[in-house]
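The next block holds one structure in the form of C-alpha cells; read it before the comments.
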Amino acid sequence: MRLLSQAVKFAVTHPERSRRHFWGWLNAVFNKVDYERIKAVGPDRAAAEWLLRCGAKVRFQGFDRWHLDYNALPTGSLGRYKIQAIDATESCIMYKGFDYLDGLKHLEEVKFNKCIYIEDACLERLTSIENLQESLYMMEVVSCGNVTDKGIIALHKLRSVFIVCSKGNKFKVLLVLMVLFLKKQSYNE
C-alpha cells in the first residue's frame, strides 16, 4: 500500500514525467514479439498485427488501399496475404519488434516518417534481414531524430533500394546520395 501511495504522489507532483514513462512502457509492450503468434498465423499476418497495433499502416499485394484498422485486417488462409508496403509515419514501432520483419519476403516499400523510436540499430537490423535485401526497393527515412549517419550508412547493404532521407540537414541527404553512388559503382564493376 505504501508503494502505491508513493507512486500516486510521484504521478501527481510530476505529471509530465509519469505520463511519458507510461507511454514508453505501453509502446514497449506493443512491440513485444510473440513468436507463437508468428507460427500460428504466419509472418505477414503477425507483422501486420504488430504494425497496426503500433499505429503504422500496411498494404498487401493486390490491394491499392492501406490497412490501418487492426480489426479490419483481411482474413483468409494462412499465407494468403503478403505485406508489400509499410507506412510507419508517426508510429511507435521500435527495435524490439523488428523480429516480426524476419519472414517477410514480398516487402517492397518502407516509410519511416517522424518515428521517435526509430534509431540506428533499427536500420541496421532491417538491412541485416536477407529477404529484405532482395525485395525492398524503396526506403524513406524522414524526421527520425534518433537516426544518425551510422544508421544511414547501414542502408548500403540493401541491394537495389532508392533511399529518401531528410532531417532538415543537407549533409544527410548528400551522404545518402554518396552511398547510392558508391553502391551503383560497386555493382558496375
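By order in the C-alpha cells, chains are A, B, ...; within a chain, residues start at 1; ligands start at 1, following the order shown.
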Find the residues near Asn113 of chain A: any atom within 9 Å, counting only C-alpha atoms, skip ones fewer than 5 places away on the same chain, and give them as a PDB file with N, CA and C atoms, in the first residue's frame.
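Now in selection-v8.pdb:
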```pdb
ATOM      1  N   ASP A  87       3.895   1.834 -44.056  1.00  0.00           N
ATOM      2  CA  ASP A  87       3.996   3.270 -43.799  1.00  0.00           C
ATOM      3  C   ASP A  87       3.928   3.446 -42.283  1.00  0.00           C
ATOM      4  N   ALA A  88       5.083   3.662 -41.675  1.00  0.00           N
ATOM      5  CA  ALA A  88       5.163   3.756 -40.219  1.00  0.00           C
ATOM      6  C   ALA A  88       5.169   5.202 -39.737  1.00  0.00           C
ATOM      7  N   THR A  89       4.575   6.095 -40.505  1.00  0.00           N
ATOM      8  CA  THR A  89       4.546   7.511 -40.149  1.00  0.00           C
ATOM      9  C   THR A  89       3.950   7.712 -38.752  1.00  0.00           C
ATOM     10  N   GLU A  90       4.725   8.378 -37.897  1.00  0.00           N
ATOM     11  CA  GLU A  90       4.336   8.715 -36.524  1.00  0.00           C
ATOM     12  C   GLU A  90       3.887   7.503 -35.713  1.00  0.00           C
ATOM     13  N   SER A  91       4.420   6.339 -36.021  1.00  0.00           N
ATOM     14  CA  SER A  91       4.054   5.143 -35.259  1.00  0.00           C
ATOM     15  C   SER A  91       5.043   4.943 -34.112  1.00  0.00           C
ATOM     16  N   GLU A 140      12.238   5.144 -47.116  1.00  0.00           N
ATOM     17  CA  GLU A 140      12.133   6.571 -46.804  1.00  0.00           C
ATOM     18  C   GLU A 140      12.342   6.753 -45.312  1.00  0.00           C
ATOM     19  N   VAL A 141      13.303   7.592 -44.943  1.00  0.00           N
ATOM     20  CA  VAL A 141      13.573   7.916 -43.545  1.00  0.00           C
ATOM     21  C   VAL A 141      13.535   9.438 -43.441  1.00  0.00           C
ATOM     22  N   VAL A 142      12.493   9.964 -42.823  1.00  0.00           N
ATOM     23  CA  VAL A 142      12.305  11.412 -42.749  1.00  0.00           C
ATOM     24  C   VAL A 142      11.988  11.820 -41.313  1.00  0.00           C
ATOM     25  N   SER A 143      12.718  12.767 -40.798  1.00  0.00           N
ATOM     26  CA  SER A 143      12.484  13.352 -39.480  1.00  0.00           C
ATOM     27  C   SER A 143      12.437  12.308 -38.362  1.00  0.00           C
ATOM     28  N   CYS A 144      13.348  11.372 -38.410  1.00  0.00           N
ATOM     29  CA  CYS A 144      13.505  10.399 -37.325  1.00  0.00           C
ATOM     30  C   CYS A 144      14.735  10.846 -36.539  1.00  0.00           C
TER      31      CYS A 144
END
```
- Message: So that I can check the surroundings of segment 121-127 of chain A, please list as an MDAnalysis selection string every protein, DNA and RNA residue that reaches within 10 Å of it, counting only C-alpha atoms and ignoring chain neighbours fewer than 6 positions away.
- Response: chainID A and resid 93:99 101:102 133 136 141 146:147 150:159
Need to verify the contact set: segment 58-68 of chain A, 10 Å, only C-alpha atoms, exclusion of same-chain residues closer than 3 positions in sequence. Can you return it as a short mmCIF file (atom, residue, chain, number, x, y, z; two decimals) with C-alpha atoms, in the first residue's frame?
```
data_model
loop_
_atom_site.label_atom_id
_atom_site.label_comp_id
_atom_site.auth_asym_id
_atom_site.auth_seq_id
_atom_site.Cartn_x
_atom_site.Cartn_y
_atom_site.Cartn_z
CA ASP A 44 2.90 -11.47 -42.80
CA ALA A 47 3.81 -8.43 -38.75
CA ALA A 48 0.64 -6.64 -39.93
CA GLU A 49 -0.92 -7.03 -36.49
CA LEU A 51 2.45 -2.71 -37.20
CA LEU A 52 -1.21 -1.74 -36.85
CA ARG A 53 -1.05 -2.13 -33.07
CA GLY A 55 -0.04 2.89 -35.35
CA ASN A 71 -9.92 -5.22 -36.60
CA ALA A 72 -10.38 -4.84 -40.37
CA LEU A 73 -7.38 -6.91 -41.44
CA PRO A 74 -8.34 -9.31 -44.23
CA ARG A 80 -2.70 -15.68 -48.43
CA TYR A 81 -1.95 -12.00 -47.80
CA LYS A 82 1.62 -10.74 -48.24
CA ILE A 83 2.78 -7.35 -46.99
CA GLN A 84 4.01 -5.23 -49.88
CA ALA A 85 4.43 -1.83 -48.17
CA ILE A 86 4.71 -0.35 -44.69
CA ASP A 87 4.00 3.27 -43.80
CA ALA A 88 5.16 3.76 -40.22
CA HIS A 106 7.43 -9.52 -50.56
CA LEU A 107 8.06 -6.21 -48.80
CA GLU A 108 8.97 -3.56 -51.37
CA GLU A 109 8.46 -0.19 -49.63
CA VAL A 110 9.10 1.11 -46.11
#
```
- Message: Give me, as a ChimeraX atom specification, the residues of segment 18-76 of chain A that a backbone DSSP run labels helix (DSSP H, G or I).
- Response: /A:18-30,35-41,43-53,70-72
- Query: Interatomic distance between atom CA of Ile38 of chain A and atom CA of Ser135 of chain A?
  - Reply: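 Distance reported for this atom pair: 20.2 Å.
Relative to atom CA of Tyr100 of chain A, atom CA of Ser77 of chain A is found at 19.1 Å.
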